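Report on the following structure.
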Amino acid sequence: METVILGAGLAGISAARNCNGTIFEKEKDIGGTCRSIKEQGFIFDLGIHVLHTKNRYVLDLLMEHKNLNLKAKRRLAWIYSHKRLTKYPFQVNTYGLPKDIIAQCLNGFINRTAKPKGKYDNYEDWVYANFGAGISDHFYLPYSEKFWTVKAKELTTDWLDLRIPQPDLEDIIKGAISVQKKEFGPNAIFRYPVNGGIQRIAESMHRSDRKIIFSKEAVKIDLDKHRIHFNDHSSTTYKYLISTIPLPELLKIIVGVPKEVIKAGEALRYNSILCINLGIKKQNINSAHWIYFPENKIAAFRISFPGNFSRFTVPEEWSSLQAEVSYSKDRPIGYKDITEKVIKDLIKTKILKAKDKIKLINAKHIKYAYIIYDHNRINNLKIINKFLRAHNIYGSGRYGQWEYFWMDEAILSGKKIAHEIGKKIK
């Protein structure tokens, strides 16, 4: 084969749309981490996935599929801290918190000593420069360390882009004295499929003339023979290889990787997510789309309510809830029974009542969830990509490129790599 693609997630499908390549997927279904799990009438995604993009190519690509039926939603997100619920994002929604906390947040923002638009070596310094001590200490730093599982000083600022809203003083004051009607951030309006969960986006992108072969896990890549061996003892050759599988896993199956490249791959850091899914015998359990929990006494860093993304993700007269717990080798899960802890936390925070009937409980681990942008990441990627490119192997997507991609960025990365290879073929 001329072009082989490993992985049928958004990046892999996007690459296949833009080149004459065959996809080999280790699972029995399409979507990668944008898959949706169906059980007992409930649909759960692998963590929160919503589409928020202004990219014309991505919008046109998805809107051309009438059966996809993406519905626009106005985000309703909250933060639980100091035993209170306040609107997200924290910096412009401190109204409702204890008065001394509000005062600390306002004073900290007003008395910032560093220039927000300066260059900063690490995320902690950037947060203090942009928001001051109060907002940083009461939300951004504790939430960051809970979510990423590493200290904020260990993170660079390469991943920020437009991900964190940076309002002015007027907005922060308004949000301290009353509930904000104005929404902030790139996902204030998002789109979600009416039917089938987030997996419907991947399904709609797939072209019927582009072949996907399922249950094919690559277990060995022979660089000299340009041959990929699979778990069922079959194999295929390639001239160009597009890989969307996580870089550390890819390097493990390539024969003859230099020690320097192996070392660089082993140094790549990431967090993992445990999704605890609950089906609850109760209608309209909560009106929110999701709620953040920055405090460590609560196990989950975020919970969401799939029925509020689409009512067709839950059976009639039921609700569903997903709790996400972050972990890594730097910060393993510290509870013997994490599901029991999560349910107790939900009762303690009054999201659930002790008498609520829970019909469904399941847990899904996402080993590779979010890329950790530490200070060695860029150099390690240079070493890895130099080696891979020399052998006509091209990474694509969040894990293949080791980037904090949103859904639209993953789609665009597949297109970009396919076009790059297309120029070589011509």
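Residues in the structure tokens are named by chain (A, B, ... in the order shown) and by number from 1 within that chain; ligands are numbered from 1 in the order shown.
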
Pull the closest atom pair for each residue of stretch 222-305 of chain A that gets at most 12 Å from stretch 74-94 of chain A, along with the distance in Å to one decimal, counting only C-alpha atoms, ordering rows by chain and then ascending residue number, as a Markdown table.
```
| residue | atom | partner | partner_atom | distance |
| --- | --- | --- | --- | --- |
| A:Asn286 | CA | A:Leu76 | CA | 10.6 |
| A:Ser287 | CA | A:Leu76 | CA | 7.8 |
| A:Ala288 | CA | A:Leu76 | CA | 5.2 |
| A:His289 | CA | A:Leu76 | CA | 5.4 |
| A:Trp290 | CA | A:Ala77 | CA | 5.1 |
| A:Ile291 | CA | A:Trp78 | CA | 4.6 |
| A:Tyr292 | CA | A:Ile79 | CA | 4.6 |
| A:Phe293 | CA | A:Tyr80 | CA | 5.3 |
| A:Pro294 | CA | A:Ser81 | CA | 6.8 |
| A:Glu295 | CA | A:Ser81 | CA | 6.6 |
| A:Asn296 | CA | A:Ser81 | CA | 10.3 |
| A:Lys297 | CA | A:Ser81 | CA | 10.3 |
| A:Ile298 | CA | A:Tyr80 | CA | 9.7 |
| A:Ala300 | CA | A:Tyr80 | CA | 11.2 |
| A:Phe301 | CA | A:Tyr80 | CA | 10.0 |
| A:Arg302 | CA | A:Ile79 | CA | 8.9 |
| A:Ile303 | CA | A:Trp78 | CA | 10.0 |
| A:Ser304 | CA | A:Ala77 | CA | 9.1 |
| A:Phe305 | CA | A:Ala77 | CA | 10.6 |
```

Shell around stretch 139-154 of chain A at 6 Å using only C-alpha atoms, local window under 2 positions removed, as a ChimeraX atom specification: /A:122-124,135-137,294,326,331,374

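For the set A:Leu70, A:Leu106, A:Ala129, A:Val50, the residue with the smallest atom-to-atom gap to A:Glu170 is A:Leu106, counting only C-alpha atoms.
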
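Using only C-alpha atoms, the smallest distance between any of A:Ile177, A:Cys34, A:Ile245, A:Ile213 and A:Leu6 comes from A:Ile245.
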
For A:Gly108: contacts at 7 Å, only C-alpha atoms, fewer than 3 positions along chain excluded, given as a PyMOL selection string: chain A and resi 104-105+111-112+132-134

- prompt: What's the 8 Å shell around stretch 23-29 of chain A, counting only C-alpha atoms, without same-chain residues fewer than 4 positions away, as number ranges by chain?
  reply: A: 4-8, 12-13, 16, 35, 210-218

Generate the output file for the selected residues, C-alpha atoms, as a PDB file, in the first residue's frame.
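part38.pdb, written as the output of this step:
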```pdb
ATOM      1  CA  VAL A   4      -1.388   3.417   5.614  1.00  0.00           C
ATOM      2  CA  ILE A   5      -3.157   5.155   8.506  1.00  0.00           C
ATOM      3  CA  LEU A   6      -3.109   3.747  12.031  1.00  0.00           C
ATOM      4  CA  GLY A   7      -6.198   4.748  14.011  1.00  0.00           C
ATOM      5  CA  ALA A   8      -9.782   5.621  13.053  1.00  0.00           C
ATOM      6  CA  GLY A  12      -7.145   9.333  11.047  1.00  0.00           C
ATOM      7  CA  ILE A  13     -10.530   9.682   9.364  1.00  0.00           C
ATOM      8  CA  ALA A  16      -8.172   9.287   4.911  1.00  0.00           C
ATOM      9  CA  ARG A  35     -16.201   7.104  20.796  1.00  0.00           C
ATOM     10  CA  ARG A 210     -12.172   5.046   2.236  1.00  0.00           C
ATOM     11  CA  LYS A 211     -11.466   1.636   3.720  1.00  0.00           C
ATOM     12  CA  ILE A 212     -11.307   0.956   7.476  1.00  0.00           C
ATOM     13  CA  ILE A 213     -10.159  -2.455   8.677  1.00  0.00           C
ATOM     14  CA  PHE A 214     -11.158  -3.049  12.299  1.00  0.00           C
ATOM     15  CA  SER A 215      -9.646  -5.233  15.048  1.00  0.00           C
ATOM     16  CA  LYS A 216      -6.180  -4.616  13.627  1.00  0.00           C
ATOM     17  CA  GLU A 217      -3.711  -3.605  16.315  1.00  0.00           C
ATOM     18  CA  ALA A 218      -0.210  -2.857  15.059  1.00  0.00           C
TER      19      ALA A 218
END
```

Can you pull out the residues contacting stretch 399-402 of chain A? Cut-off 6 Å, using only C-alpha atoms, and skip same-chain residues under 3 positions away; I want them as a compact mmCIF listing (two decimals) with N, CA and C atoms, in the first residue's frame.
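File written: result-v8.txt
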```txt
# COMPACT_ATOMS: atom_id res chain seq x y z
N SER A 243 0.43 7.89 11.59
CA SER A 243 0.09 7.24 12.86
C SER A 243 -0.60 8.21 13.79
N THR A 244 -1.75 7.80 14.30
CA THR A 244 -2.46 8.61 15.31
C THR A 244 -2.38 7.96 16.68
N ILE A 245 -1.67 6.84 16.79
CA ILE A 245 -1.56 6.19 18.09
C ILE A 245 -0.55 6.95 18.95
N PRO A 246 -0.66 6.89 20.26
CA PRO A 246 0.24 7.67 21.12
C PRO A 246 1.71 7.39 20.82
N LEU A 247 2.50 8.45 20.75
CA LEU A 247 3.91 8.32 20.40
C LEU A 247 4.67 7.30 21.26
N GLY A 395 3.25 11.62 12.40
CA GLY A 395 2.28 11.63 13.48
C GLY A 395 1.15 12.60 13.18
N SER A 396 -0.05 12.26 13.65
CA SER A 396 -1.20 13.13 13.44
C SER A 396 -2.16 13.00 14.62
```

message: Taking only stretch 88-284 of chain A into account, list the residues labelled alpha helix (DSSP H) by DSSP (computed from the backbone), as a ChimeraX atom specification.
response: /A:99-110,123-135,141-148,169-177,199-205,247-253,259-266

task: Find the spatial neighbours of A:Glu403, counting only C-alpha atoms, within a cut-off of 9 Å - ignore same-chain residues fewer than 2 positions away - and output them as a ChimeraX atom specification.
output: /A:159,370-373,397-401,405

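Separating atom CA of A:Ser14 from atom CA of A:Gly414 is a distance of 4.9 Å.
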
field: Residue set, stretch 38-277 of chain A restricted to strand (DSSP E or B), as an NGL selection string
entry: :A and (38-39 or 42-45 or 51 or 70-74 or 77-81 or 84-87 or 155 or 189-193 or 212-213 or 218-222 or 227-230 or 235-237 or 240-243 or 254 or 270-277)

Could those residues be written to a file, using C-alpha atoms, as a CSV table (one decimal), in the first residue's frame?
```
chain,number,residue,atom,x,y,z
A,38,LYS,CA,-23.9,2.6,24.8
A,39,GLU,CA,-25.2,0.5,27.7
A,42,PHE,CA,-27.5,5.2,28.2
A,43,ILE,CA,-24.9,6.8,26.0
A,44,PHE,CA,-21.6,8.1,27.6
A,45,ASP,CA,-18.7,9.7,25.8
A,51,LEU,CA,-17.5,20.9,19.2
A,70,LEU,CA,-25.5,19.1,15.3
A,71,LYS,CA,-27.4,21.3,17.8
A,72,ALA,CA,-25.9,24.5,19.2
A,73,LYS,CA,-26.0,24.8,22.9
A,74,ARG,CA,-25.3,27.8,25.3
A,77,ALA,CA,-21.0,25.4,33.5
A,78,TRP,CA,-20.4,25.9,37.2
A,79,ILE,CA,-17.6,25.7,39.8
A,80,TYR,CA,-18.0,24.1,43.2
A,81,SER,CA,-15.7,25.6,45.8
A,84,ARG,CA,-20.8,27.1,46.9
A,85,LEU,CA,-21.7,26.9,43.2
A,86,THR,CA,-20.5,29.8,41.1
A,87,LYS,CA,-20.6,30.2,37.4
A,155,LEU,CA,4.1,23.3,32.9
A,189,ILE,CA,-21.5,28.2,22.5
A,190,PHE,CA,-20.9,24.6,21.5
A,191,ARG,CA,-22.4,22.0,19.2
A,192,TYR,CA,-23.3,18.4,20.0
A,193,PRO,CA,-25.1,15.7,18.0
A,212,ILE,CA,-11.3,1.0,7.5
A,213,ILE,CA,-10.2,-2.5,8.7
A,218,ALA,CA,-0.2,-2.9,15.1
A,219,VAL,CA,2.3,-4.8,17.1
A,220,LYS,CA,5.5,-4.5,15.1
A,221,ILE,CA,6.8,-2.1,12.5
A,222,ASP,CA,9.8,-3.2,10.4
A,227,ARG,CA,6.0,-3.6,6.9
A,228,ILE,CA,3.5,-3.4,9.7
A,229,HIS,CA,2.6,-6.6,11.6
A,230,PHE,CA,-0.8,-6.9,13.3
A,235,SER,CA,0.8,-7.7,7.9
A,236,THR,CA,0.9,-4.9,5.2
A,237,THR,CA,3.5,-2.8,3.6
A,240,TYR,CA,4.0,6.4,3.8
A,241,LEU,CA,2.6,5.8,7.3
A,242,ILE,CA,0.3,8.2,9.2
A,243,SER,CA,0.1,7.2,12.9
A,254,ILE,CA,9.2,-0.1,15.9
A,270,TYR,CA,0.5,12.7,30.0
A,271,ASN,CA,-2.3,12.3,32.5
A,272,SER,CA,-5.0,9.6,32.5
A,273,ILE,CA,-8.7,9.9,33.2
A,274,LEU,CA,-11.1,7.5,34.9
A,275,CYS,CA,-14.7,8.2,33.8
A,276,ILE,CA,-17.2,6.9,36.3
A,277,ASN,CA,-20.6,6.7,34.7
```

statement: Atom pair atom CA of A:Asp408 + atom CA of A:Val58, distance 6.4 Å
